[in-house]
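Visitor: What follows is a single structure, and I will ask about it in a moment.
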Amino acid sequence: MRIGLAQINTTVGDIPGNSAAIFAAYEKAATDGAQLVVTPELTITGYPPQDLIFKSQFVPLALEAIHGLHTQVGDVPLLIGGIDFNEKLSGRPFRNTAFLLEKGKSIRKFHKTLLPTYDVFDESRYFEPSEDINLATIAGTRIGVTICEDIWTEEYLSRNLYDRDPVEKLVKAGAQIIVNLSASPFQVGKSEIRRQMIASLARQYRRPFVYCNAVGGNDQLIFDGNSLAIDAQGHILTRLKAFEEDIQIVDTAGPGVEPAVADEPEELFNALTLGIRDYIRKTGFKTAVIGLSGGIDSAVTAVLAAAALEPENVTGVAMPGPYSSQGSIDDALAIAKNLGIRHLTIPIRDSFTGMQAQLSEAFANDAEDTTEENIQSRLRGLTLMSLSNKFGHIVLNTGNKSELAVGYCTLYGDMCGGLAVISDVPKTKVYELARWINRDREIIPPASIEKPPSAELRPNQIDQDSLPPYEVLDAILALYVERRMGVRDIIAHGHDEKTVRWLVRQIDRNEYKRSQAAPGLKVTSTAFGIGRRMPIAQRFTE
């Protein structure tokens with residue numbers, strides 16, 4: 001069977017725009033010879049719509065758009081993701097639904113069975129699960145219809161979450177092909193996990209699997225595409241593009257060639273670039289401003305922004321203070337020149353002197369400490385926010401996950417921004433990204449990569465005055481936050497007890513800072529964002 005995969009980038013809540021994109025993709029796939037066209041999960045609304053669902057006209061307008069598409073479909077059926085009302089008197093008010101639109105026939109509806117409610121997912125808040133067997137006959141072939149989580153098996157989940165197996169039921173009911181409409185968010189390495197899982201299912205049930213995933217950035221989530229078709233022996237028939245819209249026809253009976261898979265730094269770079277581009281485009285911004293310190297974090301963020309927005313839409317600002325080295329100032333200018341972005345130099349020395357004078361009486365009996373360091377950071381934040389207000393730029397925050405974890409950042413200072421680009425990228429991964437960026441030619445100045453990282457807020461300051469080496473910090477951070485290990489288990493992995501206890505205490509006590517941070521792009525299994533919900537006022541310790 002020839003199935004068209006319409007891997008399209010939708011915007012949450014843009015029902016008319018999403019509808020137009022769906023129909024354009026449908027027309028192309030139908031013209032190219034598809035016998036069925038499939039879109040991702042919740043295509044008509046965008047994913048995840050969250051509490052927009054509860055707005056009184058949201059679901060009715062989405063349904064109206066689906067009915068409009070139904071009047072436009074030709075001889076080729078269209079399987080589209082959307083939301084339906086739960087017609088039962090009990091349960092959640094809505095259903096996560098795949099709508100089958102066929103010319104001259106009533107719309108058929110297939111509801112999602114397994115509703116994820118963990119990590120970034122909260123589907124049980126909105127949807128009632130299906131108890132039906134979602135089977136349709138199209139072009140003489142029995143198609144089993146599943147939606148995202150319906151095909152995820154316990155081997156690939158953190159634990160056995162469900163007591164139902166939709167795929168097994170479909171196969172027993174006679175399904176010859178399993179189709180899946182998906183909105184599976186990106187994390188590093190996840191596309192390969194999906195391939196392994198779907199290939200395993202295909203071999204187990206001896207059925208082809210056709211998987212259409214969402215692509216694009218929606219707030220903190222990035223969807224990587226990488227839609228797949230797998231034959232009954234578990235071999236790839238086709239893989240659609242990563243991080244791009246793509247429309248392809250797959251013949252479930254024919255051979256295919258697997259495209260090359262990007263290595264981890266390239267995958268991460270492409271994910272972050274897409275996340276920036278879509279966040280800015282979908283929130284209505286056109287230009288961005290970034291503070292350039294001469295360090296590695298701001299340099300990597302500037303490269304990502306220039307790739308996402310084009311260099312002419314990015315402004316880099318060097319804001320030298322009393323402790324800024326000439327080398328750092330030169331490196332900030334060099335990255336701006338190498339990227340071809342606009343560049344400003346706005347010193348904060350006089351402003352800092354003025355603040356010291358303003359506070360001199362209040363601080364007369366106290367020695368300088370982190371207060372004065374934070375004043376410098378906040379003056380830089382004030383400068384960037386002023387440029388944002390005046391020229392309509394979005395401020396891109398340059399803080400990494402390691403710093404955010406332990407609170408090595410200043411509220412209303414270097415934490416200012418509309419989007420925290422690398423807030424889910426540990427410092428060690430920032431270095432890997434920087435080296436990958438420089439793989440062919442020098443873009444990031446070598447000194448930004450090689451010199452010891454420093455906030456330069458006091459004389460001769462380096463990060464390791466206050467923090468463990470980043471290799472140690474990041475290893476413990478991954479175990480505590482991403483793998484959710486306790487202190488004793490982390491120590492048992494060979495880490496120094498004093499360091500572990502200090503880091504865990506810092507991570508826990510800085511929840512109040514992270515709750516006030518700009519939204520960040522999720523690229524690991526657990527980010528400091530919507531998938532991790534910790535109380536601020538709490539006293540639990542291990």
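Residue numbering restarts at 1 in every chain; chains get A, B, ... in the order shown in the structure tokens, and ligands count up from 1 in that same order.
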Would you mind listing what lies within 8 Å of Phe110 (chain A) as a list in words, with only C-alpha atoms counted and same-chain residues fewer than 2 positions away left out?
Guide: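 Near neighbours after the sequence-gap exclusion: Thr97, Ala98, Phe99, Leu100, Arg108, Lys112, Asn134, Val145 and Thr146 of chain A.
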Visitor: Store the residues of this selection in a file with C-alpha atoms, as a short mmCIF file (atom, residue, chain, number, x, y, z; two decimals), in the first residue's frame.
Guide:
```cif
data_model
loop_
_atom_site.label_atom_id
_atom_site.label_comp_id
_atom_site.auth_asym_id
_atom_site.auth_seq_id
_atom_site.Cartn_x
_atom_site.Cartn_y
_atom_site.Cartn_z
CA THR A 97 -8.72 11.39 18.10
CA ALA A 98 -7.69 10.40 14.60
CA PHE A 99 -10.35 11.42 12.06
CA LEU A 100 -10.63 9.43 8.83
CA ARG A 108 -14.83 7.92 11.14
CA LYS A 112 -6.33 7.20 21.62
CA ASN A 134 -9.46 1.10 15.83
CA VAL A 145 -4.97 3.09 13.70
CA THR A 146 -2.93 4.04 16.76
#
```
Visitor: List the neighbours of region 283-297 of chain A out to 8 Å using only C-alpha atoms; skip same-chain residues closer than 3 positions along the sequence, and give me the result as number ranges by chain.
Guide: A: 279-280, 300-302, 305, 309, 313-320, 327-333, 335, 380, 384, 387-388, 392-400, 430-431, 434, 444, 448-449, 453-454
Visitor: Go ahead and save the picked residues with C-alpha atoms, as a tab-separated table (two decimals), in the first residue's frame.
Guide:
```tsv
chain	number	residue	atom	x	y	z
A	279	TYR	CA	9.68	29.98	19.37
A	280	ILE	CA	10.49	33.38	17.92
A	300	VAL	CA	27.40	28.97	21.21
A	301	THR	CA	24.08	30.74	21.76
A	302	ALA	CA	25.03	33.41	19.21
A	305	ALA	CA	20.68	32.29	16.92
A	309	LEU	CA	17.24	33.69	12.38
A	313	ASN	CA	18.34	39.57	12.69
A	314	VAL	CA	20.70	39.06	15.64
A	315	THR	CA	22.39	41.75	17.73
A	316	GLY	CA	25.27	40.87	20.04
A	317	VAL	CA	26.10	43.22	22.91
A	318	ALA	CA	29.40	43.32	24.75
A	319	MET	CA	29.01	44.94	28.17
A	320	PRO	CA	32.49	45.16	29.69
A	327	GLY	CA	40.80	38.94	25.92
A	328	SER	CA	37.11	38.42	26.66
A	329	ILE	CA	36.20	41.74	25.03
A	330	ASP	CA	38.22	40.75	21.95
A	331	ASP	CA	36.56	37.30	21.84
A	332	ALA	CA	33.09	38.88	22.01
A	333	LEU	CA	33.95	41.13	19.07
A	335	ILE	CA	32.37	35.95	17.43
A	380	ARG	CA	23.82	43.82	32.00
A	384	LEU	CA	19.62	43.95	27.30
A	387	LEU	CA	17.37	47.19	23.94
A	388	SER	CA	14.54	44.68	23.81
A	392	GLY	CA	11.39	44.84	19.80
A	393	HIS	CA	14.14	42.22	20.13
A	394	ILE	CA	13.65	39.08	22.18
A	395	VAL	CA	16.47	38.57	24.68
A	396	LEU	CA	18.05	35.15	24.33
A	397	ASN	CA	19.38	33.88	27.64
A	398	THR	CA	22.77	32.17	27.48
A	399	GLY	CA	22.86	30.19	30.75
A	400	ASN	CA	23.55	26.44	30.63
A	430	VAL	CA	28.25	23.07	25.44
A	431	TYR	CA	31.96	22.40	24.91
A	434	ALA	CA	31.46	24.44	20.34
A	444	ILE	CA	34.05	30.48	17.91
A	448	SER	CA	36.45	31.02	24.35
A	449	ILE	CA	36.76	27.24	24.32
A	453	PRO	CA	35.20	29.58	32.35
A	454	SER	CA	34.61	32.72	34.40
```
Visitor: What is the distance between CA of Cys212 (chain A) and CA of Glu41 (chain A), in Å to one decimal?
Guide: 8.2 Å
Visitor: Of the candidates A:Leu78, A:Met197, A:Val38, A:Val250, which one gets nearest to Met1 (chain A) if we count only C-alpha atoms?
Guide: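 That would be A:Val250, the residue with the smallest distance to Met1 (chain A).
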Visitor: Residues of region 324-383 of chain A in helix (DSSP H, G or I) according to DSSP, as an mmCIF file with N, CA, C and O atoms, in the first residue's frame?
Guide:
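Ended up saving to states19.cif:
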```cif
data_model
loop_
_atom_site.group_PDB
_atom_site.id
_atom_site.type_symbol
_atom_site.label_atom_id
_atom_site.label_comp_id
_atom_site.auth_asym_id
_atom_site.auth_seq_id
_atom_site.Cartn_x
_atom_site.Cartn_y
_atom_site.Cartn_z
ATOM 1 N N GLN A 326 40.637 42.056 28.654
ATOM 2 C CA GLN A 326 40.693 42.498 27.264
ATOM 3 C C GLN A 326 40.489 41.310 26.322
ATOM 4 O O GLN A 326 39.886 41.434 25.252
ATOM 5 N N GLY A 327 40.983 40.137 26.735
ATOM 6 C CA GLY A 327 40.800 38.941 25.924
ATOM 7 C C GLY A 327 39.338 38.599 25.721
ATOM 8 O O GLY A 327 38.920 38.235 24.613
ATOM 9 N N SER A 328 38.545 38.720 26.778
ATOM 10 C CA SER A 328 37.112 38.425 26.665
ATOM 11 C C SER A 328 36.413 39.438 25.772
ATOM 12 O O SER A 328 35.528 39.079 24.982
ATOM 13 N N ILE A 329 36.790 40.708 25.892
ATOM 14 C CA ILE A 329 36.204 41.738 25.026
ATOM 15 C C ILE A 329 36.547 41.447 23.565
ATOM 16 O O ILE A 329 35.694 41.520 22.674
ATOM 17 N N ASP A 330 37.794 41.070 23.309
ATOM 18 C CA ASP A 330 38.220 40.750 21.947
ATOM 19 C C ASP A 330 37.476 39.528 21.413
ATOM 20 O O ASP A 330 37.078 39.494 20.236
ATOM 21 N N ASP A 331 37.262 38.507 22.269
ATOM 22 C CA ASP A 331 36.557 37.300 21.841
ATOM 23 C C ASP A 331 35.094 37.598 21.522
ATOM 24 O O ASP A 331 34.522 37.017 20.588
ATOM 25 N N ALA A 332 34.482 38.498 22.287
ATOM 26 C CA ALA A 332 33.092 38.885 22.011
ATOM 27 C C ALA A 332 32.995 39.569 20.648
ATOM 28 O O ALA A 332 32.082 39.295 19.857
ATOM 29 N N LEU A 333 33.940 40.461 20.376
ATOM 30 C CA LEU A 333 33.955 41.127 19.069
ATOM 31 C C LEU A 333 34.219 40.135 17.939
ATOM 32 O O LEU A 333 33.630 40.219 16.863
ATOM 33 N N ALA A 334 35.087 39.151 18.204
ATOM 34 C CA ALA A 334 35.452 38.183 17.172
ATOM 35 C C ALA A 334 34.281 37.295 16.783
ATOM 36 O O ALA A 334 34.056 37.036 15.591
ATOM 37 N N ILE A 335 33.508 36.825 17.762
ATOM 38 C CA ILE A 335 32.373 35.946 17.427
ATOM 39 C C ILE A 335 31.330 36.723 16.637
ATOM 40 O O ILE A 335 30.741 36.213 15.683
ATOM 41 N N ALA A 336 31.111 37.990 17.002
ATOM 42 C CA ALA A 336 30.160 38.811 16.254
ATOM 43 C C ALA A 336 30.619 38.998 14.814
ATOM 44 O O ALA A 336 29.832 38.888 13.858
ATOM 45 N N LYS A 337 31.924 39.262 14.641
ATOM 46 C CA LYS A 337 32.467 39.457 13.292
ATOM 47 C C LYS A 337 32.398 38.167 12.485
ATOM 48 O O LYS A 337 32.009 38.170 11.306
ATOM 49 N N ASN A 338 32.743 37.046 13.104
ATOM 50 C CA ASN A 338 32.739 35.764 12.397
ATOM 51 C C ASN A 338 31.343 35.373 11.920
ATOM 52 O O ASN A 338 31.177 34.754 10.870
ATOM 53 N N LEU A 339 30.333 35.728 12.720
ATOM 54 C CA LEU A 339 28.958 35.384 12.375
ATOM 55 C C LEU A 339 28.294 36.418 11.469
ATOM 56 O O LEU A 339 27.271 36.135 10.851
ATOM 57 N N ARG A 349 30.782 50.036 33.343
ATOM 58 C CA ARG A 349 31.672 50.482 34.421
ATOM 59 C C ARG A 349 31.101 51.705 35.132
ATOM 60 O O ARG A 349 31.052 51.755 36.371
ATOM 61 N N ASP A 350 30.693 52.704 34.371
ATOM 62 C CA ASP A 350 30.182 53.924 34.997
ATOM 63 C C ASP A 350 28.883 53.648 35.756
ATOM 64 O O ASP A 350 28.654 54.203 36.843
ATOM 65 N N SER A 351 28.038 52.802 35.192
ATOM 66 C CA SER A 351 26.787 52.463 35.874
ATOM 67 C C SER A 351 27.075 51.752 37.191
ATOM 68 O O SER A 351 26.420 52.008 38.214
ATOM 69 N N PHE A 352 28.059 50.874 37.168
ATOM 70 C CA PHE A 352 28.415 50.142 38.382
ATOM 71 C C PHE A 352 28.973 51.090 39.434
ATOM 72 O O PHE A 352 28.614 51.015 40.630
ATOM 73 N N THR A 353 29.825 52.018 39.008
ATOM 74 C CA THR A 353 30.362 53.017 39.944
ATOM 75 C C THR A 353 29.227 53.841 40.546
ATOM 76 O O THR A 353 29.211 54.136 41.745
ATOM 77 N N GLY A 354 28.277 54.205 39.708
ATOM 78 C CA GLY A 354 27.132 54.973 40.191
ATOM 79 C C GLY A 354 26.307 54.192 41.203
ATOM 80 O O GLY A 354 25.842 54.750 42.209
ATOM 81 N N MET A 355 26.107 52.895 40.963
ATOM 82 C CA MET A 355 25.348 52.070 41.909
ATOM 83 C C MET A 355 26.109 51.924 43.222
ATOM 84 O O MET A 355 25.508 51.955 44.311
ATOM 85 N N GLN A 356 27.425 51.783 43.128
ATOM 86 C CA GLN A 356 28.216 51.701 44.362
ATOM 87 C C GLN A 356 28.068 52.983 45.185
ATOM 88 O O GLN A 356 27.906 52.932 46.415
ATOM 89 N N ALA A 357 28.104 54.112 44.492
ATOM 90 C CA ALA A 357 27.935 55.385 45.199
ATOM 91 C C ALA A 357 26.532 55.481 45.798
ATOM 92 O O ALA A 357 26.354 55.953 46.929
ATOM 93 N N GLN A 358 25.551 55.056 45.036
ATOM 94 C CA GLN A 358 24.163 55.127 45.505
ATOM 95 C C GLN A 358 23.946 54.291 46.760
ATOM 96 O O GLN A 358 23.168 54.655 47.637
ATOM 97 N N LEU A 359 24.652 53.168 46.865
ATOM 98 C CA LEU A 359 24.455 52.238 47.979
ATOM 99 C C LEU A 359 25.524 52.377 49.056
ATOM 100 O O LEU A 359 25.520 51.617 50.029
ATOM 101 N N THR A 370 29.102 38.874 47.101
ATOM 102 C CA THR A 370 28.363 38.553 45.873
ATOM 103 C C THR A 370 27.344 39.631 45.518
ATOM 104 O O THR A 370 26.888 39.694 44.373
ATOM 105 N N THR A 371 26.999 40.482 46.464
ATOM 106 C CA THR A 371 26.062 41.568 46.149
ATOM 107 C C THR A 371 26.598 42.427 45.012
ATOM 108 O O THR A 371 25.873 42.734 44.047
ATOM 109 N N GLU A 372 27.856 42.817 45.124
ATOM 110 C CA GLU A 372 28.455 43.661 44.086
ATOM 111 C C GLU A 372 28.599 42.886 42.767
ATOM 112 O O GLU A 372 28.474 43.459 41.678
ATOM 113 N N GLU A 373 28.877 41.596 42.857
ATOM 114 C CA GLU A 373 28.931 40.784 41.639
ATOM 115 C C GLU A 373 27.570 40.789 40.942
ATOM 116 O O GLU A 373 27.465 40.954 39.719
ATOM 117 N N ASN A 374 26.531 40.605 41.732
ATOM 118 C CA ASN A 374 25.182 40.537 41.168
ATOM 119 C C ASN A 374 24.729 41.884 40.597
ATOM 120 O O ASN A 374 23.949 41.927 39.633
ATOM 121 N N ILE A 375 25.194 42.972 41.170
ATOM 122 C CA ILE A 375 24.846 44.290 40.620
ATOM 123 C C ILE A 375 25.347 44.396 39.183
ATOM 124 O O ILE A 375 24.639 44.882 38.288
ATOM 125 N N GLN A 376 26.559 43.911 38.938
ATOM 126 C CA GLN A 376 27.093 43.953 37.575
ATOM 127 C C GLN A 376 26.231 43.118 36.621
ATOM 128 O O GLN A 376 25.899 43.556 35.514
ATOM 129 N N SER A 377 25.872 41.947 37.073
ATOM 130 C CA SER A 377 25.039 41.081 36.238
ATOM 131 C C SER A 377 23.686 41.728 35.962
ATOM 132 O O SER A 377 23.173 41.670 34.834
ATOM 133 N N ARG A 378 23.127 42.369 36.976
ATOM 134 C CA ARG A 378 21.804 42.992 36.794
ATOM 135 C C ARG A 378 21.881 44.233 35.910
ATOM 136 O O ARG A 378 20.924 44.544 35.197
ATOM 137 N N LEU A 379 22.994 44.924 35.937
ATOM 138 C CA LEU A 379 23.161 46.059 35.011
ATOM 139 C C LEU A 379 23.206 45.562 33.573
ATOM 140 O O LEU A 379 22.682 46.213 32.658
ATOM 141 N N ARG A 380 23.813 44.394 33.358
ATOM 142 C CA ARG A 380 23.818 43.822 32.004
ATOM 143 C C ARG A 380 22.409 43.391 31.596
ATOM 144 O O ARG A 380 21.996 43.579 30.455
ATOM 145 N N GLY A 381 21.684 42.797 32.552
ATOM 146 C CA GLY A 381 20.302 42.429 32.256
ATOM 147 C C GLY A 381 19.455 43.639 31.922
ATOM 148 O O GLY A 381 18.638 43.614 30.989
ATOM 149 N N LEU A 382 19.642 44.713 32.676
ATOM 150 C CA LEU A 382 18.915 45.961 32.415
ATOM 151 C C LEU A 382 19.229 46.497 31.018
ATOM 152 O O LEU A 382 18.328 46.946 30.293
ATOM 153 N N THR A 383 20.485 46.421 30.626
ATOM 154 C CA THR A 383 20.894 46.905 29.303
ATOM 155 C C THR A 383 20.207 46.116 28.196
ATOM 156 O O THR A 383 19.654 46.685 27.244
#
```
